[in-house]
2 protein chains.
Amino acid sequence: MKRFAVLISVVLFMFQASVSADIHYKILDKVNSPKDIKEFNIKQLDNLAKDIRAGIINKTNLLGGHVGSDLGIVEVTIAMHYVFDSPIDKFVFDTSHQTYPHKMITGRKAAFTDPLNNKQITGFSNFNESAHDFFIMGHTSTSISLAEGMAKARDLKGEKYNVIALIGDGSLSGGEALEGLNNAVELNSNFIIIVNDNEMCIAENHGGLYKNLQLLRDSNGTAENNMFKALGYDYYYVSDGHNLDNLISTFKKVKDTNKPTVVHIHTIKGKGYLPAMQDKESYHWKLAGYVNTKPQITDVSNKTETYTSLTVDYILNHSKQDRRIVAISPATPMACGLFPPQRQELASQYVDVGIAEQHAVGFSAGAAKNGAKPILMVCSSFIQRAYDQLSQDLAINNSPAVILVVSYGINGGDVTHNGVFDIPLISNIPNIVYMAPTNKEEYLAVLDWAIKQDKHPVAIRVPQGIVVSKGIKDSTDYSKINKYKIEANGSEIAIIAEGDFFELGQRVKEKIKEKLGVEATLINPIYLTGLDYELLESLKENHNIVITLENGVLDGGFGEKISRFYSNSNMKVLNYGAFKEFTDRVPQEELFKKYHLTPDLILEDIVETNELYDKPSQAEHSEAQADKSETQPHKE
Amino acid sequence: MKRFAVLISVVLFMFQASVSADIHYKILDKVNSPKDIKEFNIKQLDNLAKDIRAGIINKTNLLGGHVGSDLGIVEVTIAMHYVFDSPIDKFVFDTSHQTYPHKMITGRKAAFTDPLNNKQITGFSNFNESAHDFFIMGHTSTSISLAEGMAKARDLKGEKYNVIALIGDGSLSGGEALEGLNNAVELNSNFIIIVNDNEMCIAENHGGLYKNLQLLRDSNGTAENNMFKALGYDYYYVSDGHNLDNLISTFKKVKDTNKPTVVHIHTIKGKGYLPAMQDKESYHWKLAGYVNTKPQITDVSNKTETYTSLTVDYILNHSKQDRRIVAISPATPMACGLFPPQRQELASQYVDVGIAEQHAVGFSAGAAKNGAKPILMVCSSFIQRAYDQLSQDLAINNSPAVILVVSYGINGGDVTHNGVFDIPLISNIPNIVYMAPTNKEEYLAVLDWAIKQDKHPVAIRVPQGIVVSKGIKDSTDYSKINKYKIEANGSEIAIIAEGDFFELGQRVKEKIKEKLGVEATLINPIYLTGLDYELLESLKENHNIVITLENGVLDGGFGEKISRFYSNSNMKVLNYGAFKEFTDRVPQEELFKKYHLTPDLILEDIVETNELYDKPSQAEHSEAQADKSETQPHKE
């Protein structure tokens, strides 16, 4: 969830950091694996905690990263490694954005202490890094299910060891976590769930289960009404999750238990670093350079316009005029520009459902069906968590909710946060209209139409990057579904460039003009969910190549629909987009090159295609094609 | 979930039904809308309950349908309509397979009492049928989210009425329901959840929450440890859900409440019909003609071989030899042939996670990663509920779990159970290998390979219909991913026919031979997730048309990948499959005709394509194409 931080520009008081650039680690130097801490005394373990905190701040200040959750979990992690025997005992950290202390104890400390090694590890759990990690993770709420599967495998194989899922209170609200919590108790064998209760999600928590956690904290774990006990778990409470004595003695009690057990631990998010303790939400994840920076005062009246600010301004303005509007976030409001002041301004017209994307979609579908105007704001990678709700709750019911998809596209992000799958996911569901506007006026017109109409579920890819303004109001009638826009009329070559990639389409057009002297047609399809049959048919008259550009995976995407349309015609189609692959922190530029998403590389492909079909005989075609097919990027 | 019943052939004792064909309805005749029952006394309401039960049995015996859940909810529904004012007050029935009593009270009784009207209504909630229904539903666990959305819309609009979600205990284990249960309490306004606790899912319940429901039943609702109260709900318990006095007085207490409230009602699934009360699992849904039929004794030793029986036999045999094998079902074991005797035989090597598809996938991913051999068996329509788990838990981790997909393809089913979306859903996720075997030996070889390998997550479309046996063991090396099989070598036309549709491919080949005198090439791709580049390239040498046949939606499906492959070549591609649409009980034959999925219609398209490209000039091409494109089915 780190990309939220990119958007952060809130008013906050920054405290002078207590960490110096030249850090002296007292005891971390002696720790190369968990066995090295087994003989430490409490004093030494406490010093280790201090060193680990220094390492967390050092690394995140250099490269950015998760701050608050890692600072809060230091002692719990030390105690886990002190009592249990990783990797024989298996730790599964939920989301795994809080594994920095675990990484420092399990042989990866150099990444935190040595600037030369900072980029050697990922920000999440990763079995390629260490035998102490079992999964590559990054989405929340999966740990209980994954760990229960491991425990089941252990039992089937007749093995004996502890399997431990560590999950934050914020992640508990997700459907998979709740399904897992309900099911894991049926194991009837060793299974330990550590609930790291820091009273925070990314933003504040929402939902009834947090009332129960509060009751348990307030009663020091003794309240009779206990959701974990209700489900059948043995239950232990640790009131001070930074007290190593308490943690160690509790873990010793549950070690080798033969029953599913919950250890509920109260921790403080950001513990040990005052700014992070005082502004928990913005210190969830920080960009590099946050230590020792001056307080940043954002002048709201003079801010730079972004598509995010346009979205928030639209919602704030229109919600006052129309009480039916309600902005909905599944625990990621900052990713969409909804900071505490905006949330307060929206009041009851803002709902954070917590980490609960399925409910967010179902709730939106229900609200729209009963006449409200829900606007669900969600990251590409997280809308994946609600496919069936998009299909069943929303699409089958033609419920006119609006979904704004952000943080999508080909980027250099973590493998668990690739944003290239939302077009295949959403656009192949009947009834949903998925739109990709290309500039400010178009976006605002599409948003306005989507909210005011009541016939279709509409999802919109919110434009990204620098705001492009045409300077004139867009008065297109968007109720004409699947009506593409011809932005420039030409011949021979037509470029269909969606959303984000419209600007690339313009550059490709220029390159074609420059190198081939051809005025290509440029089309903005706007709609990703259907074809403009009439327009596509008309292209056959004086075009022989159609190029599609989409900021997403090719497989199941937009371009393939164009290829299918022309599949029994003479039109040649070149589809450009991402290959079907997970990419892990590969620089965007490198991916663009690999996928031929540059005007120069696309031109090369056009020239090759022209050569194939303009000149050689049919027999020569086949040979030339056979030679080239393996290297042609749009074939992967 | 009705199609499970198709597979039912278990040993059970059938009781002589007490219902005669000539039913005398005592009081139902007077009920045309909910207002008609408002003045009834308890005696009359009890008689209405009897009439409704007779109607349920009458209709389900004539046409098949949900039996047990509807019989169990009769009094609750009557009391709801007696106390609340539908449709001003909004009822949202979870899954809505238990809305028969509601339908009978809200003007749709003729469908239950009059054979001529039996087919006039759907088996689920449907706003096209009645103003008393608000959603089209059919998947479980959605009611709380949808209803909370309605309640939020009500509050935003400043309206006043009751919003009521009715959900069965079985559906409570689903992620969306749990997310909704956690969130809805935040409404702080009128919201009533009726928990219909009949102690059953489709099969038996699994999970910790059922321990709490049992504690609450055992304590007559007074136990201090109460999951609903823990979440912050006001809580009421009705111990006898068939006592109208109790139900009415409780509903009167909660009517117009201004707090989120749970009414937990204990009912008996199948109430009033002894066979359904005694065999709750198989009476969840029944085929027509179950009343007065003789006891059916299935001779297991002499059963007809089906792909389901082949699957179950494989699992039963291999699980004995390999203790790591574990069969997993998300509450639908019967759909995969796992009846109580098989489940007992598998013992700890069988896990029913309840309605919890996300957990089922995460659990499978975890188990495989720790060396077990999980086989998750799931219906096409329900794997939709776990897209993100397929991507994040399974695919990113390359966890070698096996998923068997059943009940897929183009069929005449309900709109909420269309089985055409699993290819786009699964096949566009990187790393997963999705396979579609075409006959017995191939299926068993694919299944065996999938379970024994440890490199890939493998999903398999279990073949459907009459078992096709080649009579010789399949010794293909399936580790050669994406290696298609040429089943017949020909020229000019190549047919790529996946899984289920391979037989259609054979018939198309024969038709082409018969009518055009051409020996077409026939290809069984086996792999739905990738292309055999070498083979596809080689087809260019002596083919000019490639036909793809898939038993699923075209958009985002297999055929589009073939079209993309050939998109800049001279090969003409004709893709056949379902259009992107939800279909509601449209006969399969009608759909096949619409989609041109018959040899005759495909031949017509081939002839047209040949005419377009063999004879006319380029200019004539365009015109001819323009004329035809709108009617060509593979363009929709």
# chains A, B, ... in the order shown; residues from 1 in each chain; ligands from 1
$ select_by_dssp --residues "range 228-383 of chain B" --states "strand (DSSP E or B)" --output "JSON, numbers by chain"
{"B": [234, 235, 236, 237, 238, 260, 261, 262, 263, 264, 265, 266, 285, 286, 296, 325, 326, 327, 328, 329, 350, 351, 352, 373, 374, 375, 376, 377, 378, 379]}
$ residues_around --residues "Asp133 in chain A" --least-positions-apart "6" --cutoff "10 Å" --atoms "only C-alpha atoms" --output "list in words"
Ser86, Pro87, Lys90, Phe91, Val92, Phe93, Ser96, Thr99, His102, Lys103, Thr106, Phe124, Ser125, Asn126 and Phe127 of chain A
$ write_last_selection --atoms "C-alpha atoms" --output "tab-separated table (two decimals), in the first residue's frame"
chain	number	residue	atom	x	y	z
A	86	SER	CA	12.13	-20.33	12.79
A	87	PRO	CA	12.22	-21.69	10.11
A	90	LYS	CA	6.65	-21.23	10.48
A	91	PHE	CA	5.84	-17.52	10.74
A	92	VAL	CA	3.37	-16.07	8.25
A	93	PHE	CA	3.15	-12.29	8.49
A	96	SER	CA	4.12	-8.64	5.37
A	99	THR	CA	8.59	-7.85	8.41
A	102	HIS	CA	12.03	-10.22	11.05
A	103	LYS	CA	14.33	-9.55	8.11
A	106	THR	CA	17.02	-13.52	9.79
A	124	PHE	CA	7.62	-7.73	1.84
A	125	SER	CA	7.96	-11.39	2.75
A	126	ASN	CA	9.73	-13.30	-0.01
A	127	PHE	CA	10.86	-16.93	-0.09
$ atom_distance --atom1 "CA of Gly221 in chain A" --atom2 "CA of Asp46 in chain A"
25.1 Å
$ residues_around --residues "range 539-543 of chain B" --least-positions-apart "2" --cutoff "7 Å" --atoms "only C-alpha atoms" --output "PyMOL selection string"
(chain A and resi 622) or (chain B and resi 491-494+535-537+545+571)
$ interface_residues --of "chain A" --to "chain B" --cutoff "6 Å" --atoms "only C-alpha atoms" --output "PyMOL selection string"
chain A and resi 136+145-146+149-150+153+156+175-176+179-180+182-183+185+207-209+212+224-225+227+230-232+324+356+358-359+362-364+366-367+370+372+384-385+388+397+428+430+555-556+560+563-564+567-568+572-573+580-581
$ select_by_dssp --residues "range 232-474 of chain B" --states "helix (DSSP H, G or I)" --output "PyMOL selection string"
chain B and resi 244-254+274-278+300-302+307-321+333-336+340-349+357-369+380-395+415-417+422-427+440-452
$ residues_around --residues "Thr113 in chain B" --least-positions-apart "4" --cutoff "9 Å" --atoms "only C-alpha atoms" --output "PyMOL selection string"
chain B and resi 23+25+54-56+58-59+109+117-118
$ write_last_selection --atoms "C-alpha atoms" --output "PDB file, in the first residue's frame"
ATOM      1  CA  ILE B  23     -54.371 -29.770  -3.182  1.00  0.00           C
ATOM      2  CA  TYR B  25     -55.600 -24.474  -0.258  1.00  0.00           C
ATOM      3  CA  ALA B  54     -48.189 -27.417   0.160  1.00  0.00           C
ATOM      4  CA  GLY B  55     -47.385 -24.902  -2.583  1.00  0.00           C
ATOM      5  CA  ILE B  56     -43.636 -25.326  -2.096  1.00  0.00           C
ATOM      6  CA  ASN B  58     -46.261 -28.901  -5.269  1.00  0.00           C
ATOM      7  CA  LYS B  59     -44.007 -26.651  -7.325  1.00  0.00           C
ATOM      8  CA  LYS B 109     -48.713 -17.722  -5.714  1.00  0.00           C
ATOM      9  CA  ASN B 117     -48.040 -20.727 -14.282  1.00  0.00           C
ATOM     10  CA  ASN B 118     -45.196 -22.763 -12.825  1.00  0.00           C
TER      11      ASN B 118
END
$ atom_distance --atom1 "CA of Pro340 in chain A" --atom2 "CA of Asp313 in chain A"
14.5 Å
$ atom_distance --atom1 "CA of Gly123 in chain B" --atom2 "CA of Tyr595 in chain B"
25.8 Å
$ residues_around --residues "Gly65 in chain A" --least-positions-apart "3" --cutoff "7 Å" --atoms "only C-alpha atoms" --output "MDAnalysis selection string"
chainID A and resid 2 60 285:287
